[in-house]
$ cat run.pdb   # PDB, C-alpha atoms and all ligand atoms
ATOM      1  CA  MET A 228       0.000   0.000   0.000
ATOM      2  CA  ALA A 229       1.254   3.467  -0.850
ATOM      3  CA  GLU A 230       2.069   5.973   1.866
ATOM      4  CA  VAL A 231       3.623   9.398   2.316
ATOM      5  CA  ARG A 232       6.581   9.906   4.678
ATOM      6  CA  PRO A 233       8.480  13.063   5.688
ATOM      7  CA  VAL A 234      11.959  13.722   4.323
ATOM      8  CA  THR A 235      14.453  12.907   7.085
ATOM      9  CA  ILE A 236      18.157  12.451   7.755
ATOM     10  CA  GLU A 237      17.643   8.793   6.793
ATOM     11  CA  ASN A 238      15.826   9.025   3.471
ATOM     12  CA  TRP A 239      16.791  12.281   1.751
ATOM     13  CA  GLN A 240      19.645  10.699  -0.168
ATOM     14  CA  THR A 241      17.453   7.987  -1.670
ATOM     15  CA  LEU A 242      14.756  10.554  -2.540
ATOM     16  CA  ILE A 243      17.211  12.702  -4.530
ATOM     17  CA  ASN A 244      17.877   9.672  -6.743
ATOM     18  CA  LEU A 245      14.288   9.643  -8.039
ATOM     19  CA  LYS A 246      14.101  11.003 -11.587
ATOM     20  CA  VAL A 247      11.462  11.865 -14.172
ATOM     21  CA  ARG A 248      11.846  11.017 -17.881
ATOM     22  CA  ASP A 249      14.208  13.235 -19.912
ATOM     23  CA  ASP A 250      11.257  14.754 -21.794
ATOM     24  CA  GLN A 251       9.620  15.690 -18.455
ATOM     25  CA  LYS A 252      12.630  17.435 -16.929
ATOM     26  CA  ASN A 253      11.307  20.954 -17.627
ATOM     27  CA  PHE A 254       8.074  20.115 -15.806
ATOM     28  CA  VAL A 255       9.570  19.829 -12.321
ATOM     29  CA  ALA A 256      12.654  20.877 -10.315
ATOM     30  CA  SER A 257      14.964  18.122  -9.034
ATOM     31  CA  ASN A 258      14.247  16.662  -5.610
ATOM     32  CA  LEU A 259      17.711  17.835  -4.565
ATOM     33  CA  TYR A 260      16.707  21.417  -5.388
ATOM     34  CA  SER A 261      13.334  21.042  -3.625
ATOM     35  CA  ILE A 262      14.850  19.648  -0.435
ATOM     36  CA  ALA A 263      17.410  22.475  -0.374
ATOM     37  CA  GLN A 264      14.611  25.017  -0.977
ATOM     38  CA  SER A 265      12.528  23.496   1.830
ATOM     39  CA  LYS A 266      15.183  24.471   4.388
ATOM     40  CA  PHE A 267      14.628  28.167   3.749
ATOM     41  CA  GLY A 268      11.029  28.543   2.576
ATOM     42  CA  ASP A 269       9.815  30.477  -0.415
ATOM     43  CA  GLU A 270       9.079  34.139  -0.960
ATOM     44  CA  TYR A 271       6.087  34.888  -3.165
ATOM     45  CA  GLU A 272       3.699  37.593  -2.024
ATOM     46  CA  GLY A 273       4.818  36.779   1.521
ATOM     47  CA  LEU A 274       6.729  33.977   3.184
ATOM     48  CA  TRP A 275       5.749  30.344   2.634
ATOM     49  CA  ASP A 276       6.874  27.398   4.758
ATOM     50  CA  LEU A 277       7.717  24.316   2.715
ATOM     51  CA  PHE A 278       6.982  20.689   3.643
ATOM     52  CA  PRO A 279       8.758  17.960   1.622
ATOM     53  CA  PHE A 280       7.718  14.265   1.625
ATOM     54  CA  GLY A 281       8.512  11.008  -0.135
ATOM     55  CA  ILE A 282       5.835   8.785  -1.671
ATOM     56  CA  TYR A 283       6.472   5.120  -0.887
ATOM     57  CA  GLU A 284       5.223   1.705  -1.918
ATOM     58  CA  GLU A 285       6.055  -0.452   1.098
ATOM     59  CA  ASP A 286       9.696   0.586   1.641
ATOM     60  CA  THR A 287      10.378   1.550  -1.962
ATOM     61  CA  PRO A 288      10.539   5.293  -2.650
ATOM     62  CA  VAL A 289       8.485   6.002  -5.790
ATOM     63  CA  GLY A 290       7.883   9.760  -5.758
ATOM     64  CA  PHE A 291       8.189  13.095  -4.054
ATOM     65  CA  LEU A 292       5.849  15.930  -3.129
ATOM     66  CA  MET A 293       6.161  19.278  -1.405
ATOM     67  CA  TYR A 294       3.507  21.721  -0.301
ATOM     68  CA  ALA A 295       3.730  25.296   0.928
ATOM     69  CA  LEU A 296       1.676  27.056   3.606
ATOM     70  CA  ASN A 297       1.063  30.745   4.250
ATOM     71  CA  PHE A 298      -2.043  31.295   6.357
ATOM     72  CA  GLN A 299      -1.810  35.089   5.856
ATOM     73  CA  HIS A 300      -2.128  34.966   2.073
ATOM     74  CA  PRO A 301      -5.326  36.666   0.843
ATOM     75  CA  THR A 302      -6.181  34.351  -2.080
ATOM     76  CA  HIS A 303      -4.729  30.908  -1.273
ATOM     77  CA  GLN A 304      -3.222  29.564   1.930
ATOM     78  CA  ALA A 305      -1.788  26.262   0.635
ATOM     79  CA  TYR A 306       0.189  25.673  -2.520
ATOM     80  CA  ILE A 307       1.175  22.399  -4.114
ATOM     81  CA  GLN A 308       4.742  23.249  -4.903
ATOM     82  CA  ARG A 309       6.033  19.983  -6.273
ATOM     83  CA  LEU A 310       4.809  16.560  -7.346
ATOM     84  CA  MET A 311       6.830  13.939  -9.169
ATOM     85  CA  VAL A 312       6.732  10.189  -9.633
ATOM     86  CA  ASP A 313       9.909   8.389 -10.687
ATOM     87  CA  GLU A 314       9.971   7.373 -14.354
ATOM     88  CA  ASN A 315       9.855   3.688 -13.400
ATOM     89  CA  PHE A 316       6.683   4.042 -11.328
ATOM     90  CA  GLN A 317       4.494   6.446 -13.328
ATOM     91  CA  GLY A 318       0.952   5.616 -14.400
ATOM     92  CA  LYS A 319       0.277   3.404 -11.361
ATOM     93  CA  GLY A 320      -1.771   5.871  -9.327
ATOM     94  CA  TYR A 321       0.990   7.311  -7.111
ATOM     95  CA  GLY A 322       0.624  10.882  -8.424
ATOM     96  CA  ARG A 323      -3.121  10.866  -7.776
ATOM     97  CA  PHE A 324      -2.495   9.278  -4.355
ATOM     98  CA  GLY A 325      -0.032  12.064  -3.446
ATOM     99  CA  MET A 326      -2.488  14.741  -4.565
ATOM    100  CA  ASN A 327      -5.341  13.235  -2.541
ATOM    101  CA  TRP A 328      -3.086  12.880   0.493
ATOM    102  CA  MET A 329      -2.286  16.601   0.387
ATOM    103  CA  LEU A 330      -5.891  17.631  -0.256
ATOM    104  CA  ASP A 331      -7.122  15.497   2.669
ATOM    105  CA  LEU A 332      -4.572  17.208   4.909
ATOM    106  CA  PHE A 333      -5.648  20.667   3.740
ATOM    107  CA  ARG A 334      -9.350  19.865   4.197
ATOM    108  CA  GLU A 335      -8.684  19.148   7.884
ATOM    109  CA  ASP A 336      -7.201  22.610   8.433
ATOM    110  CA  GLU A 337      -9.746  25.421   8.871
ATOM    111  CA  ARG A 338      -7.097  28.038   8.064
ATOM    112  CA  ILE A 339      -6.888  26.790   4.472
ATOM    113  CA  LYS A 340      -9.671  28.044   2.207
ATOM    114  CA  VAL A 341      -8.087  27.799  -1.246
ATOM    115  CA  VAL A 342      -5.266  25.623  -2.643
ATOM    116  CA  GLY A 343      -3.071  26.779  -5.523
ATOM    117  CA  ILE A 344      -1.002  24.890  -8.071
ATOM    118  CA  SER A 345       0.803  25.651 -11.321
ATOM    119  CA  TYR A 346       2.109  23.636 -14.246
ATOM    120  CA  GLU A 347       3.828  24.090 -17.585
ATOM    121  CA  PRO A 348       1.227  24.899 -20.263
ATOM    122  CA  ASP A 349       2.206  21.769 -22.260
ATOM    123  CA  ASN A 350       1.971  19.388 -19.274
ATOM    124  CA  GLU A 351      -1.241  17.648 -20.322
ATOM    125  CA  VAL A 352      -1.032  14.784 -17.805
ATOM    126  CA  ALA A 353      -0.721  17.252 -14.910
ATOM    127  CA  ARG A 354      -3.476  19.529 -16.259
ATOM    128  CA  LYS A 355      -5.931  16.615 -16.551
ATOM    129  CA  LEU A 356      -5.055  15.187 -13.154
ATOM    130  CA  TYR A 357      -5.569  18.540 -11.395
ATOM    131  CA  ALA A 358      -8.711  19.476 -13.370
ATOM    132  CA  GLY A 359     -10.199  16.093 -12.439
ATOM    133  CA  LEU A 360      -9.653  16.940  -8.765
ATOM    134  CA  GLY A 361     -11.526  20.230  -9.195
ATOM    135  CA  PHE A 362      -8.718  22.755  -9.844
ATOM    136  CA  GLU A 363      -9.824  25.632 -12.067
ATOM    137  CA  GLU A 364      -7.404  27.705 -14.126
ATOM    138  CA  THR A 365      -7.267  31.373 -13.074
ATOM    139  CA  GLY A 366      -6.041  32.699 -16.432
ATOM    140  CA  LYS A 367      -2.868  33.920 -14.737
ATOM    141  CA  ILE A 368       0.597  32.761 -15.837
ATOM    142  CA  VAL A 369       3.119  32.667 -12.971
ATOM    143  CA  ASP A 370       6.795  32.257 -13.908
ATOM    144  CA  GLY A 371       5.669  30.816 -17.256
ATOM    145  CA  GLU A 372       3.317  28.311 -15.623
ATOM    146  CA  THR A 373      -0.472  28.045 -15.798
ATOM    147  CA  GLU A 374      -2.015  28.793 -12.402
ATOM    148  CA  ALA A 375      -5.035  26.898 -11.065
ATOM    149  CA  MET A 376      -6.945  27.033  -7.778
ATOM    150  CA  LEU A 377      -9.189  24.726  -5.781
ATOM    151  CA  LYS A 378     -11.634  26.136  -3.246
ATOM    152  CA  ILE A 379     -11.968  23.718  -0.337
ATOM    153  CA  ARG A 380     -14.119  25.837   1.996
TER     154      ARG A 380
HETATM  155  C1  LIG A 401       2.297  14.110 -13.290
HETATM  156  C2  LIG A 401       2.704  12.878 -12.460
HETATM  157  C3  LIG A 401       3.080  13.349 -11.063
HETATM  158  C4  LIG A 401       1.491  11.958 -12.366
HETATM  159  O1  LIG A 401       1.823  10.860 -11.548
HETATM  160  P1  LIG A 401       1.512   9.352 -12.000
HETATM  161  O2  LIG A 401       1.725   8.488 -10.822
HETATM  162  O3  LIG A 401       2.288   9.056 -13.218
HETATM  163  O4  LIG A 401      -0.027   9.469 -12.376
HETATM  164  P2  LIG A 401      -1.213   8.510 -11.897
HETATM  165  O5  LIG A 401      -0.857   7.097 -12.192
HETATM  166  O6  LIG A 401      -1.612   8.845 -10.513
HETATM  167  O7  LIG A 401      -2.317   8.944 -12.914
HETATM  168  C5  LIG A 401      -3.000  10.170 -12.830
HETATM  169  C6  LIG A 401      -3.763  10.373 -14.108
HETATM  170  O8  LIG A 401      -2.848  10.710 -15.168
HETATM  171  C7  LIG A 401      -2.972   9.802 -16.244
HETATM  172  N1  LIG A 401      -1.642   9.524 -16.773
HETATM  173  C8  LIG A 401      -0.535   9.193 -16.069
HETATM  174  N2  LIG A 401       0.512   9.049 -16.904
HETATM  175  C9  LIG A 401       0.054   9.293 -18.153
HETATM  176  C10 LIG A 401       0.652   9.328 -19.423
HETATM  177  N3  LIG A 401       1.959   9.080 -19.606
HETATM  178  N4  LIG A 401      -0.126   9.632 -20.473
HETATM  179  C11 LIG A 401      -1.420   9.907 -20.324
HETATM  180  N5  LIG A 401      -2.049   9.895 -19.137
HETATM  181  C12 LIG A 401      -1.315   9.596 -18.058
HETATM  182  C13 LIG A 401      -3.573   8.572 -15.660
HETATM  183  O9  LIG A 401      -4.284   7.875 -16.650
HETATM  184  C14 LIG A 401      -4.467   9.126 -14.569
HETATM  185  O10 LIG A 401      -5.708   9.537 -15.080
HETATM  186  P3  LIG A 401      -7.033   8.663 -14.796
HETATM  187  O11 LIG A 401      -7.034   8.357 -13.349
HETATM  188  O12 LIG A 401      -8.101   9.598 -15.216
HETATM  189  O13 LIG A 401      -6.874   7.457 -15.642
HETATM  190  C15 LIG A 401       3.881  12.104 -13.095
HETATM  191  O14 LIG A 401       3.535  11.705 -14.387
HETATM  192  C16 LIG A 401       5.181  12.890 -13.143
HETATM  193  O15 LIG A 401       5.984  12.834 -12.218
HETATM  194  N6  LIG A 401       5.427  13.610 -14.267
HETATM  195  C17 LIG A 401       6.636  14.378 -14.432
HETATM  196  C18 LIG A 401       6.724  15.523 -13.451
HETATM  197  C19 LIG A 401       5.504  16.402 -13.495
HETATM  198  O16 LIG A 401       4.977  16.731 -14.541
HETATM  199  N7  LIG A 401       5.055  16.812 -12.285
HETATM  200  C20 LIG A 401       3.934  17.716 -12.155
HETATM  201  C21 LIG A 401       4.430  19.116 -12.200
HETATM  202  S1  LIG A 401       3.117  20.299 -12.089
END
$ encode --input "run.pdb" --output "structure tokens" --more "lines below"
Ligand SMILES: CC(C)(COP(=O)(O)OP(=O)(O)OC[C@H]1O[C@@H](n2cnc3c(N)ncnc32)[C@H](O)[C@@H]1OP(=O)(O)O)[C@@H](O)C(=O)NCCC(=O)NCCS
Amino acid sequence: MAEVRPVTIENWQTLINLKVRDDQKNFVASNLYSIAQSKFGDEYEGLWDLFPFGIYEEDTPVGFLMYALNFQHPTHQAYIQRLMVDENFQGKGYGRFGMNWMLDLFREDERIKVVGISYEPDNEVARKLYAGLGFEETGKIVDGETEAMLKIR
């Protein structure tokens, strides 16, 4: 059964070995970059705290996700900053599992009203996955990526 586990002193080095296909490399930053970024947070219309996790099947790492929280932000208080499934494990439901895991977490937190996400305009798999979960495009392009939002309360 799949599960999500925090990045720790024990697993970060195996998680940075996970890779997407060569033709997907412009869709997502490396896990090494994300884990480094998570130490300092992100600045975008305020300060966001970053929370990095591995996606596992039993004890096998299969993917990575990272979300961002800023309860002061006027439009969205959670942001799905990163989602990737290793090239050898794609198409088996792990990406959807990771998304649902994050959304369940956000739904339990009253401080989160709207969740944001963004993706490269030509990332059809990501667009369909997020649209299917209820994300609606805002029409805004942020750093070259299509922005979409999901209202959860
Ligand atoms: C996007 C990504 C995270 C999806 O994870 P995944 O585990 O491969 O996807 P899932 O198996 O959970 O499938 C989710 C949906 O995408 C579809 N899908 C997955 N891979 C696909 C492919 N290569 N072609 C077409 N559809 C695909 C599935 O059919 C499924 O839709 P359905 O449930 O309606 O049938 C993964 O493909 C990935 O890491 N891609 C490269 C990095 C990336 O683009 N990250 C997102 C950045 S915004």
$ residues_near_ligand --input "run.pdb" --ligand "ligand LIG 401 (chain A)" --cutoff "10 Å" --atoms "only C-alpha atoms and all ligand atoms" --output "PDB file with C-alpha atoms, keeping the file's coordinate frame"
ATOM      1  CA  LEU A 245      14.288   9.643  -8.039  1.00  0.00           C
ATOM      2  CA  LYS A 246      14.101  11.003 -11.587  1.00  0.00           C
ATOM      3  CA  VAL A 247      11.462  11.865 -14.172  1.00  0.00           C
ATOM      4  CA  ARG A 248      11.846  11.017 -17.881  1.00  0.00           C
ATOM      5  CA  ASP A 249      14.208  13.235 -19.912  1.00  0.00           C
ATOM      6  CA  ASP A 250      11.257  14.754 -21.794  1.00  0.00           C
ATOM      7  CA  GLN A 251       9.620  15.690 -18.455  1.00  0.00           C
ATOM      8  CA  LYS A 252      12.630  17.435 -16.929  1.00  0.00           C
ATOM      9  CA  ASN A 253      11.307  20.954 -17.627  1.00  0.00           C
ATOM     10  CA  PHE A 254       8.074  20.115 -15.806  1.00  0.00           C
ATOM     11  CA  VAL A 255       9.570  19.829 -12.321  1.00  0.00           C
ATOM     12  CA  ALA A 256      12.654  20.877 -10.315  1.00  0.00           C
ATOM     13  CA  SER A 257      14.964  18.122  -9.034  1.00  0.00           C
ATOM     14  CA  VAL A 289       8.485   6.002  -5.790  1.00  0.00           C
ATOM     15  CA  GLY A 290       7.883   9.760  -5.758  1.00  0.00           C
ATOM     16  CA  PHE A 291       8.189  13.095  -4.054  1.00  0.00           C
ATOM     17  CA  LEU A 292       5.849  15.930  -3.129  1.00  0.00           C
ATOM     18  CA  ILE A 307       1.175  22.399  -4.114  1.00  0.00           C
ATOM     19  CA  GLN A 308       4.742  23.249  -4.903  1.00  0.00           C
ATOM     20  CA  ARG A 309       6.033  19.983  -6.273  1.00  0.00           C
ATOM     21  CA  LEU A 310       4.809  16.560  -7.346  1.00  0.00           C
ATOM     22  CA  MET A 311       6.830  13.939  -9.169  1.00  0.00           C
ATOM     23  CA  VAL A 312       6.732  10.189  -9.633  1.00  0.00           C
ATOM     24  CA  ASP A 313       9.909   8.389 -10.687  1.00  0.00           C
ATOM     25  CA  GLU A 314       9.971   7.373 -14.354  1.00  0.00           C
ATOM     26  CA  ASN A 315       9.855   3.688 -13.400  1.00  0.00           C
ATOM     27  CA  PHE A 316       6.683   4.042 -11.328  1.00  0.00           C
ATOM     28  CA  GLN A 317       4.494   6.446 -13.328  1.00  0.00           C
ATOM     29  CA  GLY A 318       0.952   5.616 -14.400  1.00  0.00           C
ATOM     30  CA  LYS A 319       0.277   3.404 -11.361  1.00  0.00           C
ATOM     31  CA  GLY A 320      -1.771   5.871  -9.327  1.00  0.00           C
ATOM     32  CA  TYR A 321       0.990   7.311  -7.111  1.00  0.00           C
ATOM     33  CA  GLY A 322       0.624  10.882  -8.424  1.00  0.00           C
ATOM     34  CA  ARG A 323      -3.121  10.866  -7.776  1.00  0.00           C
ATOM     35  CA  PHE A 324      -2.495   9.278  -4.355  1.00  0.00           C
ATOM     36  CA  GLY A 325      -0.032  12.064  -3.446  1.00  0.00           C
ATOM     37  CA  MET A 326      -2.488  14.741  -4.565  1.00  0.00           C
ATOM     38  CA  ASN A 327      -5.341  13.235  -2.541  1.00  0.00           C
ATOM     39  CA  ILE A 344      -1.002  24.890  -8.071  1.00  0.00           C
ATOM     40  CA  SER A 345       0.803  25.651 -11.321  1.00  0.00           C
ATOM     41  CA  TYR A 346       2.109  23.636 -14.246  1.00  0.00           C
ATOM     42  CA  GLU A 347       3.828  24.090 -17.585  1.00  0.00           C
ATOM     43  CA  PRO A 348       1.227  24.899 -20.263  1.00  0.00           C
ATOM     44  CA  ASP A 349       2.206  21.769 -22.260  1.00  0.00           C
ATOM     45  CA  ASN A 350       1.971  19.388 -19.274  1.00  0.00           C
ATOM     46  CA  GLU A 351      -1.241  17.648 -20.322  1.00  0.00           C
ATOM     47  CA  VAL A 352      -1.032  14.784 -17.805  1.00  0.00           C
ATOM     48  CA  ALA A 353      -0.721  17.252 -14.910  1.00  0.00           C
ATOM     49  CA  ARG A 354      -3.476  19.529 -16.259  1.00  0.00           C
ATOM     50  CA  LYS A 355      -5.931  16.615 -16.551  1.00  0.00           C
ATOM     51  CA  LEU A 356      -5.055  15.187 -13.154  1.00  0.00           C
ATOM     52  CA  TYR A 357      -5.569  18.540 -11.395  1.00  0.00           C
ATOM     53  CA  GLY A 359     -10.199  16.093 -12.439  1.00  0.00           C
ATOM     54  CA  LEU A 360      -9.653  16.940  -8.765  1.00  0.00           C
ATOM     55  CA  GLU A 372       3.317  28.311 -15.623  1.00  0.00           C
ATOM     56  CA  THR A 373      -0.472  28.045 -15.798  1.00  0.00           C
ATOM     57  CA  GLU A 374      -2.015  28.793 -12.402  1.00  0.00           C
TER      58      GLU A 374
END
$ residues_near_point --input "run.pdb" --point "(2.2, 5.1, -4.3)" --cutoff "6 Å" --atoms "only C-alpha atoms" --output "PyMOL selection string"
chain A and resi 229+282-284+321
$ resolve_selection --input "run.pdb" --expression "the PyMOL selection byres (((chain A and resi 265-280) around 6) and not hetatm)" --output "list in words"
Arg232, Pro233, Val234, Ile262, Ala263, Gln264, Gly281, Phe291, Leu292, Met293, Tyr294, Ala295, Leu296 and Asn297 of chain A
$ atom_distance --input "run.pdb" --atom1 "atom CA of Glu337 of chain A" --atom2 "atom CA of Ile379 of chain A"
9.6 Å
$ residues_around --input "run.pdb" --residues "segment 235-244 of chain A" --least-positions-apart "3" --cutoff "7 Å" --atoms "all atoms listed in the file" --output "PyMOL selection string"
chain A and resi 258-259+281+288
$ closest_residue --input "run.pdb" --among "A:Val231, A:Leu377, A:Ala358, A:Gln299" --to "Phe333 of chain A" --atoms "all atoms listed in the file"
A:Leu377
$ atom_distance --input "run.pdb" --atom1 "atom CA of Glu364 of chain A" --atom2 "atom CA of Glu230 of chain A"
28.6 Å
$ atom_distance --input "run.pdb" --atom1 "atom CA of Gly343 of chain A" --atom2 "atom CA of Ala305 of chain A"
6.3 Å
$ resolve_selection --input "run.pdb" --expression "the PyMOL selection byres (((chain A and resi 378) around 8) and not hetatm)" --output "JSON, numbers by chain"
{"A": [340, 341, 342, 362, 376, 377, 379, 380]}
$ axis_aligned_box --input "run.pdb" --around "segment 265-269 of chain A" --padding-each-side "6 Å" --output "AutoDock Vina command-line options"
--center_x 12.5 --center_y 27.0 --center_z 2.0 --size_x 17.4 --size_y 19.0 --size_z 16.8
$ closest_residue --input "run.pdb" --among "A:Leu330, A:Tyr260, A:Asp336, A:Asp370" --to "Tyr306 of chain A" --atoms "only C-alpha atoms"
A:Leu330
$ residues_around --input "run.pdb" --residues "Phe298 of chain A" --least-positions-apart "5" --cutoff "7 Å" --atoms "only C-alpha atoms" --output "JSON, numbers by chain"
{"A": [304, 338, 339]}
$ build_atoms --input "run.pdb" --residues "segment 275-292 of chain A" --atoms "N, CA, C and O atoms" --output "PDB file, in the coordinates of the input"
ATOM      1  N   TRP A 275       6.416  31.646   2.607  1.00  0.00           N
ATOM      2  CA  TRP A 275       5.749  30.344   2.634  1.00  0.00           C
ATOM      3  C   TRP A 275       6.667  29.317   3.290  1.00  0.00           C
ATOM      4  O   TRP A 275       7.849  29.243   2.956  1.00  0.00           O
ATOM      5  N   ASP A 276       6.127  28.523   4.197  1.00  0.00           N
ATOM      6  CA  ASP A 276       6.874  27.398   4.758  1.00  0.00           C
ATOM      7  C   ASP A 276       6.682  26.192   3.853  1.00  0.00           C
ATOM      8  O   ASP A 276       5.577  25.951   3.358  1.00  0.00           O
ATOM      9  N   LEU A 277       7.754  25.437   3.661  1.00  0.00           N
ATOM     10  CA  LEU A 277       7.717  24.316   2.715  1.00  0.00           C
ATOM     11  C   LEU A 277       7.825  22.980   3.445  1.00  0.00           C
ATOM     12  O   LEU A 277       8.597  22.846   4.399  1.00  0.00           O
ATOM     13  N   PHE A 278       7.066  21.991   2.977  1.00  0.00           N
ATOM     14  CA  PHE A 278       6.982  20.689   3.643  1.00  0.00           C
ATOM     15  C   PHE A 278       7.202  19.570   2.622  1.00  0.00           C
ATOM     16  O   PHE A 278       6.300  19.251   1.846  1.00  0.00           O
ATOM     17  N   PRO A 279       8.410  18.981   2.614  1.00  0.00           N
ATOM     18  CA  PRO A 279       8.758  17.960   1.622  1.00  0.00           C
ATOM     19  C   PRO A 279       8.525  16.526   2.137  1.00  0.00           C
ATOM     20  O   PRO A 279       8.816  16.221   3.299  1.00  0.00           O
ATOM     21  N   PHE A 280       8.030  15.652   1.260  1.00  0.00           N
ATOM     22  CA  PHE A 280       7.718  14.265   1.625  1.00  0.00           C
ATOM     23  C   PHE A 280       8.086  13.308   0.496  1.00  0.00           C
ATOM     24  O   PHE A 280       8.073  13.692  -0.683  1.00  0.00           O
ATOM     25  N   GLY A 281       8.350  12.067   0.866  1.00  0.00           N
ATOM     26  CA  GLY A 281       8.512  11.008  -0.135  1.00  0.00           C
ATOM     27  C   GLY A 281       7.218  10.234  -0.267  1.00  0.00           C
ATOM     28  O   GLY A 281       6.454  10.108   0.703  1.00  0.00           O
ATOM     29  N   ILE A 282       6.954   9.716  -1.469  1.00  0.00           N
ATOM     30  CA  ILE A 282       5.835   8.785  -1.671  1.00  0.00           C
ATOM     31  C   ILE A 282       6.453   7.389  -1.749  1.00  0.00           C
ATOM     32  O   ILE A 282       7.443   7.192  -2.476  1.00  0.00           O
ATOM     33  N   TYR A 283       5.897   6.468  -0.990  1.00  0.00           N
ATOM     34  CA  TYR A 283       6.472   5.120  -0.887  1.00  0.00           C
ATOM     35  C   TYR A 283       5.459   4.049  -1.240  1.00  0.00           C
ATOM     36  O   TYR A 283       4.274   4.197  -0.980  1.00  0.00           O
ATOM     37  N   GLU A 284       5.991   2.948  -1.795  1.00  0.00           N
ATOM     38  CA  GLU A 284       5.223   1.705  -1.918  1.00  0.00           C
ATOM     39  C   GLU A 284       5.959   0.702  -1.045  1.00  0.00           C
ATOM     40  O   GLU A 284       7.097   0.332  -1.367  1.00  0.00           O
ATOM     41  N   GLU A 285       5.344   0.307   0.065  1.00  0.00           N
ATOM     42  CA  GLU A 285       6.055  -0.452   1.098  1.00  0.00           C
ATOM     43  C   GLU A 285       7.306   0.350   1.456  1.00  0.00           C
ATOM     44  O   GLU A 285       7.173   1.504   1.812  1.00  0.00           O
ATOM     45  N   ASP A 286       8.515  -0.203   1.298  1.00  0.00           N
ATOM     46  CA  ASP A 286       9.696   0.586   1.641  1.00  0.00           C
ATOM     47  C   ASP A 286      10.408   1.145   0.414  1.00  0.00           C
ATOM     48  O   ASP A 286      11.511   1.677   0.528  1.00  0.00           O
ATOM     49  N   THR A 287       9.763   1.036  -0.742  1.00  0.00           N
ATOM     50  CA  THR A 287      10.378   1.550  -1.962  1.00  0.00           C
ATOM     51  C   THR A 287       9.942   2.988  -2.217  1.00  0.00           C
ATOM     52  O   THR A 287       8.750   3.259  -2.348  1.00  0.00           O
ATOM     53  N   PRO A 288      10.914   3.922  -2.297  1.00  0.00           N
ATOM     54  CA  PRO A 288      10.539   5.293  -2.650  1.00  0.00           C
ATOM     55  C   PRO A 288      10.139   5.370  -4.116  1.00  0.00           C
ATOM     56  O   PRO A 288      10.876   4.880  -4.987  1.00  0.00           O
ATOM     57  N   VAL A 289       8.969   5.940  -4.397  1.00  0.00           N
ATOM     58  CA  VAL A 289       8.485   6.002  -5.790  1.00  0.00           C
ATOM     59  C   VAL A 289       8.242   7.432  -6.259  1.00  0.00           C
ATOM     60  O   VAL A 289       8.118   7.678  -7.463  1.00  0.00           O
ATOM     61  N   GLY A 290       8.164   8.391  -5.330  1.00  0.00           N
ATOM     62  CA  GLY A 290       7.883   9.760  -5.758  1.00  0.00           C
ATOM     63  C   GLY A 290       8.152  10.754  -4.654  1.00  0.00           C
ATOM     64  O   GLY A 290       8.612  10.392  -3.552  1.00  0.00           O
ATOM     65  N   PHE A 291       7.870  11.997  -4.964  1.00  0.00           N
ATOM     66  CA  PHE A 291       8.189  13.095  -4.054  1.00  0.00           C
ATOM     67  C   PHE A 291       7.104  14.166  -4.178  1.00  0.00           C
ATOM     68  O   PHE A 291       6.587  14.394  -5.280  1.00  0.00           O
ATOM     69  N   LEU A 292       6.783  14.801  -3.070  1.00  0.00           N
ATOM     70  CA  LEU A 292       5.849  15.930  -3.129  1.00  0.00           C
ATOM     71  C   LEU A 292       6.274  16.978  -2.115  1.00  0.00           C
ATOM     72  O   LEU A 292       6.983  16.683  -1.147  1.00  0.00           O
TER      73      LEU A 292
END
